[in-house]
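Everything below belongs to data-v8.txt, which stores compact mmCIF, C-alpha atoms.
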```txt
# COMPACT_ATOMS: atom_id res chain seq x y z
CA MET A 1 59.65 -21.61 126.04
CA LYS A 2 61.99 -18.81 124.96
CA LYS A 3 59.19 -16.30 125.63
CA ILE A 4 58.65 -17.69 129.15
CA THR A 5 62.39 -17.56 129.89
CA PHE A 6 62.61 -13.99 128.58
CA LEU A 7 59.60 -12.89 130.65
CA THR A 8 60.99 -14.60 133.76
CA ILE A 9 64.34 -12.84 133.36
CA LEU A 10 62.53 -9.51 132.78
CA ALA A 11 60.41 -10.03 135.90
CA LEU A 12 63.47 -10.90 138.02
CA PHE A 13 65.27 -7.82 136.68
CA ALA A 14 62.29 -5.61 137.51
CA LEU A 15 62.06 -7.09 141.01
CA ASN A 16 65.77 -6.48 141.51
CA LEU A 17 65.42 -2.82 140.43
CA ASP A 18 62.47 -2.43 142.74
CA ALA A 19 64.52 -3.68 145.71
CA GLN A 20 67.57 -1.47 145.17
CA THR A 21 69.16 0.10 148.22
CA PHE A 22 71.84 2.78 148.28
CA LYS A 23 74.00 2.89 151.37
CA THR A 24 77.04 4.46 152.98
CA ASN A 25 78.92 4.09 156.27
CA GLU A 26 80.90 7.27 155.69
CA GLY A 27 78.16 9.89 155.52
CA ASN A 28 78.81 13.39 156.77
CA ILE A 29 76.77 15.40 159.25
CA LYS A 30 77.79 18.75 160.66
CA PHE A 31 76.07 20.54 163.47
CA ILE A 32 76.45 24.25 164.04
CA ASN A 33 75.88 26.08 167.29
CA LYS A 34 75.30 29.82 167.16
CA SER A 35 74.62 31.39 170.51
CA SER A 36 74.90 34.97 171.73
CA LEU A 37 78.45 34.36 172.99
CA GLU A 38 79.86 31.54 170.98
CA GLU A 39 79.80 29.86 167.62
CA PHE A 40 81.19 26.37 167.07
CA GLU A 41 80.59 23.28 165.01
CA ALA A 42 81.22 19.56 165.14
CA VAL A 43 81.63 17.13 162.26
CA ASN A 44 80.76 13.45 161.99
CA ASN A 45 82.15 11.38 159.09
CA GLN A 46 80.80 8.02 160.26
CA VAL A 47 77.13 8.39 159.52
CA THR A 48 75.38 5.30 158.15
CA ALA A 49 72.71 6.30 155.68
CA ALA A 50 70.50 4.34 153.33
CA ILE A 51 67.76 5.02 150.82
CA SER A 52 65.75 2.44 148.93
CA SER A 53 64.23 2.81 145.49
CA LYS A 54 60.86 2.66 147.28
CA GLY A 55 61.75 5.84 149.15
CA LYS A 56 62.56 4.47 152.58
CA VAL A 57 65.28 6.57 154.23
CA GLN A 58 67.32 5.71 157.30
CA PHE A 59 70.19 7.37 159.12
CA ARG A 60 72.24 6.21 162.06
CA VAL A 61 74.60 8.71 163.67
CA PRO A 62 77.14 7.50 166.25
CA ILE A 63 77.17 10.33 168.77
CA ASN A 64 80.79 9.90 169.83
CA SER A 65 81.95 10.26 166.24
CA PHE A 66 81.24 14.00 166.37
CA GLN A 67 84.58 15.75 166.47
CA PHE A 68 84.86 19.10 168.24
CA GLU A 69 87.82 21.45 168.25
CA LYS A 70 87.89 21.80 172.03
CA LYS A 71 88.35 18.86 174.38
CA LEU A 72 86.09 20.21 177.12
CA MET A 73 83.25 20.72 174.69
CA GLN A 74 83.75 17.20 173.33
CA SER A 75 83.55 15.61 176.76
CA HIS A 76 80.57 17.74 177.90
CA PHE A 77 78.72 16.87 174.71
CA GLN A 78 79.35 13.15 175.04
CA GLU A 79 79.04 12.67 178.79
CA ASN A 80 76.66 15.38 180.00
CA TYR A 81 74.41 16.51 177.16
CA MET A 82 74.02 13.41 175.00
CA GLU A 83 74.94 10.72 177.61
CA SER A 84 76.42 8.74 174.74
CA ASN A 85 77.23 5.55 176.63
CA THR A 86 73.47 5.18 177.30
CA PHE A 87 72.30 6.61 173.96
CA PRO A 88 75.22 5.95 171.59
CA ASN A 89 73.31 6.65 168.37
CA ALA A 90 70.83 9.12 166.99
CA THR A 91 68.63 7.67 164.27
CA PHE A 92 66.14 8.82 161.70
CA SER A 93 63.77 6.51 159.88
CA GLY A 94 61.28 7.77 157.34
CA SER A 95 59.95 7.82 153.81
CA VAL A 96 60.18 10.20 150.91
CA MET A 97 56.81 11.83 150.30
CA LYS A 98 55.58 11.67 146.69
CA MET A 99 58.27 9.13 145.74
CA ASP A 100 56.58 8.50 142.40
CA GLY A 101 58.14 11.77 141.20
CA VAL A 102 61.63 10.48 142.02
CA ASN A 103 63.64 8.03 139.93
CA LEU A 104 66.81 6.77 141.60
CA THR A 105 67.97 5.18 138.35
CA LYS A 106 67.87 8.43 136.39
CA ALA A 107 70.53 11.12 136.94
CA GLY A 108 69.11 14.34 138.27
CA GLU A 109 68.31 16.42 141.32
CA TYR A 110 65.07 15.98 143.18
CA ASN A 111 63.77 18.29 145.91
CA VAL A 112 62.02 16.07 148.41
CA LYS A 113 60.28 16.04 151.75
CA VAL A 114 60.96 13.10 154.03
CA ALA A 115 58.53 12.29 156.84
CA GLY A 116 59.87 10.16 159.66
CA ILE A 117 60.87 9.68 163.26
CA PHE A 118 63.96 11.05 164.95
CA ASP A 119 65.26 9.01 167.84
CA MET A 120 67.78 10.82 169.96
CA HIS A 121 68.78 10.80 173.63
CA GLY A 122 65.95 8.33 174.35
CA VAL A 123 63.24 10.54 172.82
CA SER A 124 61.29 9.77 169.63
CA LYS A 125 59.80 12.64 167.66
CA ALA A 126 58.04 12.80 164.31
CA ASP A 127 59.35 15.35 161.85
CA THR A 128 59.30 16.20 158.15
CA LEU A 129 62.55 17.28 156.60
CA SER A 130 63.20 19.06 153.33
CA GLY A 131 66.18 17.99 151.31
CA LYS A 132 67.58 17.06 147.98
CA LEU A 133 68.41 13.74 146.31
CA ILE A 134 71.20 14.10 143.78
CA VAL A 135 71.24 11.02 141.57
CA ALA A 136 74.24 10.11 139.46
CA LYS A 137 75.32 6.79 137.97
CA GLY A 138 75.12 4.27 140.80
CA THR A 139 74.97 6.88 143.56
CA VAL A 140 72.45 8.97 145.43
CA LYS A 141 73.59 11.95 147.49
CA LEU A 142 71.29 12.89 150.37
CA VAL A 143 71.53 16.56 151.23
CA SER A 144 69.54 18.41 153.85
CA SER A 145 69.75 21.31 156.24
CA PHE A 146 67.42 21.68 159.21
CA SER A 147 67.32 22.63 162.89
CA ILE A 148 66.51 20.72 166.01
CA LYS A 149 65.79 21.95 169.52
CA CYS A 150 67.73 20.41 172.37
CA ASN A 151 64.82 20.60 174.80
CA ASP A 152 62.67 18.54 172.39
CA TYR A 153 65.03 15.64 173.08
CA ASN A 154 65.47 16.16 176.78
CA ILE A 155 69.01 17.48 176.26
CA LYS A 156 69.62 19.74 179.22
CA ILE A 157 71.83 22.76 178.72
CA PRO A 158 72.97 24.06 182.13
CA ALA A 159 72.03 27.67 182.84
CA ALA A 160 75.71 28.51 183.34
CA VAL A 161 76.48 27.80 179.67
CA SER A 162 73.14 28.69 178.10
CA SER A 163 74.69 31.86 176.61
CA LYS A 164 77.30 29.69 174.88
CA VAL A 165 75.23 26.67 173.86
CA ALA A 166 72.09 27.46 171.89
CA ASN A 167 68.91 25.43 172.32
CA GLU A 168 68.39 25.39 168.56
CA ILE A 169 71.14 23.65 166.63
CA LYS A 170 71.52 23.66 162.85
CA ILE A 171 72.25 20.32 161.19
CA ASN A 172 73.76 19.90 157.71
CA VAL A 173 73.52 16.46 156.13
CA ASN A 174 75.66 15.39 153.20
CA CYS A 175 75.71 11.62 152.58
CA LEU A 176 76.84 10.04 149.33
CA THR A 177 75.30 6.58 149.08
CA ALA A 178 76.10 3.90 146.53
CA ILE A 179 74.29 0.75 145.44
CA ALA A 180 74.57 -1.75 148.27
CA GLU A 181 75.63 -5.27 147.35
CA LYS A 182 72.97 -7.82 148.15
CA LYS A 183 74.05 -10.31 150.78
CA MET B 184 95.60 41.90 205.29
CA LYS B 185 97.59 43.13 202.31
CA LYS B 186 99.37 39.76 202.09
CA LEU B 187 96.02 37.97 202.10
CA ILE B 188 94.73 40.10 199.25
CA ILE B 189 97.87 39.38 197.23
CA ILE B 190 97.61 35.62 197.87
CA VAL B 191 93.92 35.55 196.96
CA SER B 192 94.63 37.58 193.81
CA ILE B 193 97.41 35.21 192.76
CA VAL B 194 95.19 32.18 193.35
CA ALA B 195 92.36 33.83 191.40
CA VAL B 196 94.63 34.68 188.46
CA LEU B 197 96.08 31.14 188.47
CA GLY B 198 92.57 29.76 188.58
CA ILE B 199 91.57 31.89 185.57
CA ILE B 200 94.68 30.84 183.64
CA ILE B 201 94.07 27.15 184.37
CA GLY B 202 90.39 27.54 183.53
CA LEU B 203 91.16 29.22 180.22
CA TYR B 204 93.75 26.56 179.41
CA LEU B 205 91.29 23.75 180.09
CA TYR B 206 88.48 25.49 178.23
CA ASN B 207 90.60 26.05 175.13
CA LYS B 208 92.54 22.77 175.23
CA PRO B 209 92.21 21.18 171.79
CA SER B 210 90.40 17.92 171.29
CA GLU B 211 92.33 14.73 170.78
CA PHE B 212 92.11 13.49 167.26
CA LYS B 213 93.54 10.08 167.96
CA SER B 214 93.59 7.55 170.75
CA THR B 215 97.03 7.14 172.32
CA GLY B 216 98.61 5.84 175.50
CA LYS B 217 97.56 2.77 177.41
CA PRO B 218 94.24 1.49 176.05
CA ASP B 219 91.28 0.72 178.31
CA PHE B 220 90.84 -2.60 176.52
CA GLU B 221 93.12 -4.82 174.45
CA VAL B 222 90.89 -7.17 172.52
CA ASN B 223 90.89 -9.88 169.95
CA LEU B 224 88.69 -8.52 167.15
CA THR B 225 86.76 -11.77 166.76
CA ASP B 226 86.01 -11.95 170.50
CA PHE B 227 85.13 -8.24 170.57
CA THR B 228 82.56 -8.56 167.78
CA LYS B 229 81.25 -11.83 169.22
CA GLU B 230 80.64 -10.08 172.54
CA GLY B 231 78.85 -7.23 170.78
CA ILE B 232 76.58 -9.64 168.93
CA GLU B 233 75.75 -11.90 171.85
CA ILE B 234 75.11 -9.49 174.69
CA ALA B 235 72.51 -6.71 174.86
CA ASP B 236 73.54 -3.49 173.07
CA SER B 237 73.01 -1.49 176.24
CA ILE B 238 75.48 -3.62 178.21
CA PHE B 239 78.10 -3.63 175.45
CA ASN B 240 77.78 0.11 174.87
CA LYS B 241 77.96 0.97 178.57
CA LYS B 242 81.15 -1.07 178.77
CA TYR B 243 82.92 0.18 175.66
CA VAL B 244 81.52 3.53 174.43
CA GLY B 245 84.02 6.30 174.99
CA LYS B 246 86.76 3.83 175.93
CA SER B 247 89.96 3.19 174.03
CA VAL B 248 90.27 -0.23 172.42
CA ARG B 249 93.39 -1.77 170.88
CA PHE B 250 92.98 -4.61 168.42
CA SER B 251 94.65 -6.34 165.48
CA GLY B 252 93.05 -7.32 162.24
CA THR B 253 93.15 -7.16 158.46
CA ALA B 254 92.17 -4.04 156.58
CA GLN B 255 89.47 -4.95 154.07
CA THR B 256 88.65 -1.64 152.40
CA ILE B 257 89.95 1.88 152.81
CA LYS B 258 87.83 4.92 151.94
CA GLU B 259 88.58 8.61 152.06
CA ASN B 260 85.91 11.19 152.83
CA ASP B 261 86.70 14.86 153.15
CA GLY B 262 90.24 14.07 154.25
CA ALA B 263 89.15 11.56 156.88
CA ILE B 264 89.95 7.88 156.32
CA SER B 265 87.63 4.98 157.13
CA ILE B 266 89.01 1.46 157.24
CA GLN B 267 86.61 -1.46 157.19
CA MET B 268 88.19 -4.44 158.94
CA THR B 269 87.79 -8.02 157.76
CA THR B 270 85.42 -10.02 159.95
CA ASP B 271 84.33 -13.67 160.08
CA GLN B 272 80.72 -12.85 159.26
CA GLU B 273 79.44 -10.98 156.21
CA GLU B 274 76.78 -9.10 158.15
CA VAL B 275 79.27 -7.81 160.75
CA VAL B 276 81.04 -4.56 159.90
CA VAL B 277 83.87 -3.00 161.90
CA LEU B 278 84.68 0.58 160.89
CA ALA B 279 87.84 2.31 162.09
CA GLY B 280 87.84 6.05 161.47
CA PHE B 281 90.97 8.21 161.24
CA HIS B 282 90.61 11.97 161.61
CA ALA B 283 91.85 14.06 158.66
CA SER B 284 94.69 15.48 160.78
CA VAL B 285 96.15 11.98 161.28
CA SER B 286 95.11 10.46 157.96
CA LYS B 287 98.77 10.20 156.92
CA GLU B 288 99.05 7.14 159.23
CA ALA B 289 96.06 5.50 157.60
CA LYS B 290 97.06 6.34 154.03
CA SER B 291 100.03 3.96 154.28
CA ILE B 292 97.63 1.08 155.04
CA LYS B 293 96.53 -0.96 152.04
CA ALA B 294 93.68 -3.45 151.67
CA GLY B 295 94.88 -6.82 152.90
CA ASP B 296 97.43 -5.37 155.35
CA LYS B 297 97.53 -6.79 158.87
CA VAL B 298 97.35 -3.84 161.25
CA GLN B 299 97.15 -3.05 164.93
CA LEU B 300 94.94 -0.09 165.70
CA GLN B 301 93.93 1.83 168.79
CA CYS B 302 90.61 3.63 168.59
CA GLU B 303 87.84 5.06 170.68
CA CYS B 304 84.78 2.81 170.62
CA ASN B 305 81.51 4.45 169.59
CA GLY B 306 79.36 1.40 170.13
CA VAL B 307 77.54 -1.35 168.30
CA SER B 308 74.37 -0.93 166.24
CA LYS B 309 72.10 -3.75 165.19
CA PRO B 310 69.20 -3.82 162.72
CA ALA B 311 65.86 -3.12 164.36
CA ASP B 312 64.00 -5.69 162.29
CA GLU B 313 64.00 -7.51 158.94
CA GLU B 314 62.72 -4.39 157.17
CA ASP B 315 65.69 -2.35 158.37
CA LEU B 316 67.72 -0.95 155.46
CA LEU B 317 70.68 -0.76 157.83
CA SER B 318 70.85 -4.52 157.84
CA GLU B 319 74.36 -5.00 159.20
CA ILE B 320 75.71 -5.20 162.72
CA VAL B 321 78.07 -2.23 162.79
CA PHE B 322 80.87 -1.56 165.26
CA THR B 323 81.99 2.04 164.93
CA LEU B 324 85.37 3.19 166.19
CA SER B 325 86.89 6.62 165.71
CA ARG B 326 89.97 8.66 166.60
CA CYS B 327 92.02 5.71 165.49
CA SER B 328 95.80 5.52 165.33
CA ALA B 329 98.06 2.82 163.93
CA VAL B 330 100.10 1.11 166.66
CA LYS B 331 103.71 0.52 165.65
```

Turn the structure described in the file into structure tokens.
Amino acid sequence: MKKITFLTILALFALNLDAQTFKTNEGNIKFINKSSLEEFEAVNNQVTAAISSKGKVQFRVPINSFQFEKKLMQSHFQENYMESNTFPNATFSGSVMKMDGVNLTKAGEYNVKVAGIFDMHGVSKADTLSGKLIVAKGTVKLVSSFSIKCNDYNIKIPAAVSSKVANEIKINVNCLTAIAEKK
Amino acid sequence: MKKLIIIVSIVAVLGIIIGLYLYNKPSEFKSTGKPDFEVNLTDFTKEGIEIADSIFNKKYVGKSVRFSGTAQTIKENDGAISIQMTTDQEEVVVLAGFHASVSKEAKSIKAGDKVQLQCECNGVSKPADEEDLLSEIVFTLSRCSAVK
């Protein structure tokens, strides 16, 4: 009887470990524009990010949470380029490739590739991103740096500002997730 | 003719000055003035849950919203402050973000405090399906300020 109870508890513990999700609602994403005439960046501190111990990765980025230094740029970005009241979020959903080499319960840094789908401005596009998972006690930091092209997502840059707004934008991701409480 | 040239030049220079001013005008880091909506937080989240995302977001995204509620948790990230408001339902999350430049206002708020905030609404997000890791219904608001 004791053996059965012990094995049951062990099985439940293992199942619980298997189902672990790390999450944050305060992730950070920065995008950097470098064009021939102008360089600027915008920061978003309200990114929702999650990673499961099975390697599933998801991001949700509220577009209007990007903060620019200049008001005109902010309003053009929201209203004209991203049309944020129609497409208020950009999302990414994917999986870590070769997850068996990654242990989210053991402190360390893991270089990973994540294959998934970006959904932005009404356009879905498959992509594979390189990044790093930095595991510490109870937390997983998701770090990545990559570029996206505006025209891949139907984001139209008017010819009049094309020398100031580059088609290719660099994105830096830095999201510190923690074990999510089960509800 | 000379007068015309002078007038046109003055108008052109004024136009350039105004253009430069508007181009370089700094962003607003907090929502102030008369809000577009004054809402009861419970009714606001109920509306977001019950109606289609597209309708809710078209109505509220980019608009200023004033509401009262109880601060549940306060987190700091890179100088910016995020306050999660208490809601009636566990799976509903309301996040009010304060920019780092105005975080002093938010730092005086403690968990459990009743507050009135004015923020810019960034929309509602709902889980796509049961497999979604982002399993909560999240209302994101930013550029918040505490209303006194």

Using only C-alpha atoms, tabulate the residues of chain B lying at most 7 Å from any atom of chain A, each with its closest atom pair and that distance in Å to one decimal, by chain and increasing residue number, as JSON lines.
```
{"residue": "B:Leu205", "atom": "CA", "partner": "A:Leu72", "partner_atom": "CA", "distance": 7.0}
{"residue": "B:Tyr206", "atom": "CA", "partner": "A:Leu72", "partner_atom": "CA", "distance": 5.9}
{"residue": "B:Asn207", "atom": "CA", "partner": "A:Lys70", "partner_atom": "CA", "distance": 5.9}
{"residue": "B:Lys208", "atom": "CA", "partner": "A:Lys70", "partner_atom": "CA", "distance": 5.7}
{"residue": "B:Pro209", "atom": "CA", "partner": "A:Lys70", "partner_atom": "CA", "distance": 4.4}
{"residue": "B:Ser210", "atom": "CA", "partner": "A:Lys71", "partner_atom": "CA", "distance": 3.8}
{"residue": "B:Glu211", "atom": "CA", "partner": "A:Lys71", "partner_atom": "CA", "distance": 6.8}
{"residue": "B:Ser237", "atom": "CA", "partner": "A:Thr86", "partner_atom": "CA", "distance": 6.8}
{"residue": "B:Asn240", "atom": "CA", "partner": "A:Asn85", "partner_atom": "CA", "distance": 5.7}
{"residue": "B:Lys241", "atom": "CA", "partner": "A:Asn85", "partner_atom": "CA", "distance": 5.0}
{"residue": "B:Val244", "atom": "CA", "partner": "A:Asn85", "partner_atom": "CA", "distance": 5.2}
{"residue": "B:Asn260", "atom": "CA", "partner": "A:Glu26", "partner_atom": "CA", "distance": 7.0}
{"residue": "B:Asn305", "atom": "CA", "partner": "A:Asn64", "partner_atom": "CA", "distance": 5.5}
{"residue": "B:Gly306", "atom": "CA", "partner": "A:Pro88", "partner_atom": "CA", "distance": 6.3}
{"residue": "B:Leu316", "atom": "CA", "partner": "A:Ala50", "partner_atom": "CA", "distance": 6.3}
{"residue": "B:Leu317", "atom": "CA", "partner": "A:Ala50", "partner_atom": "CA", "distance": 6.8}
{"residue": "B:Ser325", "atom": "CA", "partner": "A:Ser65", "partner_atom": "CA", "distance": 6.2}
```

Selection file, C-alpha atoms, as a PDB file, in the frame of the given file:
```pdb
ATOM      1  CA  LEU B 205      91.290  23.750 180.090  1.00  0.00           C
ATOM      2  CA  TYR B 206      88.480  25.490 178.230  1.00  0.00           C
ATOM      3  CA  ASN B 207      90.600  26.050 175.130  1.00  0.00           C
ATOM      4  CA  LYS B 208      92.540  22.770 175.230  1.00  0.00           C
ATOM      5  CA  PRO B 209      92.210  21.180 171.790  1.00  0.00           C
ATOM      6  CA  SER B 210      90.400  17.920 171.290  1.00  0.00           C
ATOM      7  CA  GLU B 211      92.330  14.730 170.780  1.00  0.00           C
ATOM      8  CA  SER B 237      73.010  -1.490 176.240  1.00  0.00           C
ATOM      9  CA  ASN B 240      77.780   0.110 174.870  1.00  0.00           C
ATOM     10  CA  LYS B 241      77.960   0.970 178.570  1.00  0.00           C
ATOM     11  CA  VAL B 244      81.520   3.530 174.430  1.00  0.00           C
ATOM     12  CA  ASN B 260      85.910  11.190 152.830  1.00  0.00           C
ATOM     13  CA  ASN B 305      81.510   4.450 169.590  1.00  0.00           C
ATOM     14  CA  GLY B 306      79.360   1.400 170.130  1.00  0.00           C
ATOM     15  CA  LEU B 316      67.720  -0.950 155.460  1.00  0.00           C
ATOM     16  CA  LEU B 317      70.680  -0.760 157.830  1.00  0.00           C
ATOM     17  CA  SER B 325      86.890   6.620 165.710  1.00  0.00           C
TER      18      SER B 325
END
```

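Considering only C-alpha atoms, the residue among B:Ala254, B:Ser328, B:Leu224, B:Ile188 positioned nearest to Glu288 of chain B is B:Ser328.
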
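Using all atoms listed in the file, the nearest neighbour of Thr323 of chain B within the list B:Gly280, B:Asp296, B:Ala263, B:Gly245 is B:Gly280.
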
Original post:
How many Å lie between atom CA of Ile148 of chain A and atom CA of Cys304 of chain B, rounded to one decimal?
Top reply: 26.0 Å

Subject >> Option closest in space to Val143 of chain A, from A:Lys98, A:Lys164, A:His76, A:Lys113 [counting all atoms listed in the file] >> reply: A:Lys113

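In terms of minimum interatomic distance to Pro158 of chain A, A:Tyr81 ranks closest within A:Tyr81, A:Ser53, A:Ser145, A:Glu41, counting only C-alpha atoms.
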
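One finds atom CA of Lys132 of chain A at 15.3 Å from atom CA of Thr105 of chain A.
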
Subject >> Among listed residues A:Asp119, A:Glu83, A:Asp100, A:Glu168, nearest Ile32 of chain A (using only C-alpha atoms) >> reply: A:Glu168

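Here atom CA of Val321 of chain B and atom CA of Phe118 of chain A stand 19.5 Å from one another.
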
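With only C-alpha atoms as the atoms that count, the minimum distance from Gly252 of chain B to the choices B:Lys297, B:His282, B:Lys213, B:Lys290 is reached by B:Lys297.
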
Give me, as a JSON list (two decimals) with C-alpha atoms, keeping the file's coordinate frame, all polymer residues having an atom no more than 12 Å from Ala235 of chain B, counting only C-alpha atoms and skipping those fewer than 6 positions away in the same chain.
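Once written, part.json looks like this:
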```
[["chain", "number", "residue", "atom", "x", "y", "z"],
["B", 229, "LYS", "CA", 81.25, -11.83, 169.22],
["B", 241, "LYS", "CA", 77.96, 0.97, 178.57],
["B", 242, "LYS", "CA", 81.15, -1.07, 178.77],
["B", 306, "GLY", "CA", 79.36, 1.40, 170.13],
["B", 307, "VAL", "CA", 77.54, -1.35, 168.30],
["B", 308, "SER", "CA", 74.37, -0.93, 166.24],
["B", 309, "LYS", "CA", 72.10, -3.75, 165.19]]
```

Filled-in N, CA and C atoms of segment 109-120 of chain A, supplied as a PDB file, keeping the file's coordinate frame:
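Final output, saved to rebuild-v4.pdb:
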```
ATOM      1  N   GLU A 109      68.463  15.923 139.956  1.00  0.00           N
ATOM      2  CA  GLU A 109      68.310  16.420 141.320  1.00  0.00           C
ATOM      3  C   GLU A 109      66.825  16.514 141.633  1.00  0.00           C
ATOM      4  N   TYR A 110      66.482  16.001 142.795  1.00  0.00           N
ATOM      5  CA  TYR A 110      65.070  15.980 143.180  1.00  0.00           C
ATOM      6  C   TYR A 110      64.932  16.657 144.542  1.00  0.00           C
ATOM      7  N   ASN A 111      64.087  17.693 144.604  1.00  0.00           N
ATOM      8  CA  ASN A 111      63.770  18.290 145.910  1.00  0.00           C
ATOM      9  C   ASN A 111      62.689  17.437 146.549  1.00  0.00           C
ATOM     10  N   VAL A 112      62.949  17.009 147.771  1.00  0.00           N
ATOM     11  CA  VAL A 112      62.020  16.070 148.410  1.00  0.00           C
ATOM     12  C   VAL A 112      61.695  16.494 149.837  1.00  0.00           C
ATOM     13  N   LYS A 113      60.599  15.941 150.325  1.00  0.00           N
ATOM     14  CA  LYS A 113      60.280  16.040 151.750  1.00  0.00           C
ATOM     15  C   LYS A 113      60.265  14.609 152.281  1.00  0.00           C
ATOM     16  N   VAL A 114      60.878  14.433 153.426  1.00  0.00           N
ATOM     17  CA  VAL A 114      60.960  13.100 154.030  1.00  0.00           C
ATOM     18  C   VAL A 114      60.268  13.151 155.386  1.00  0.00           C
ATOM     19  N   ALA A 115      59.248  12.336 155.559  1.00  0.00           N
ATOM     20  CA  ALA A 115      58.530  12.290 156.840  1.00  0.00           C
ATOM     21  C   ALA A 115      59.026  11.087 157.625  1.00  0.00           C
ATOM     22  N   GLY A 116      59.352  11.290 158.885  1.00  0.00           N
ATOM     23  CA  GLY A 116      59.870  10.160 159.660  1.00  0.00           C
ATOM     24  C   GLY A 116      59.972  10.458 161.132  1.00  0.00           C
ATOM     25  N   ILE A 117      60.711   9.580 161.799  1.00  0.00           N
ATOM     26  CA  ILE A 117      60.870   9.680 163.260  1.00  0.00           C
ATOM     27  C   ILE A 117      62.346   9.834 163.603  1.00  0.00           C
ATOM     28  N   PHE A 118      62.620  10.879 164.378  1.00  0.00           N
ATOM     29  CA  PHE A 118      63.960  11.050 164.950  1.00  0.00           C
ATOM     30  C   PHE A 118      63.987  10.338 166.286  1.00  0.00           C
ATOM     31  N   ASP A 119      65.079   9.637 166.533  1.00  0.00           N
ATOM     32  CA  ASP A 119      65.260   9.010 167.840  1.00  0.00           C
ATOM     33  C   ASP A 119      66.594   9.498 168.389  1.00  0.00           C
ATOM     34  N   MET A 120      66.530  10.276 169.460  1.00  0.00           N
ATOM     35  CA  MET A 120      67.780  10.820 169.960  1.00  0.00           C
ATOM     36  C   MET A 120      67.683  11.000 171.477  1.00  0.00           C
TER      37      MET A 120
END
```
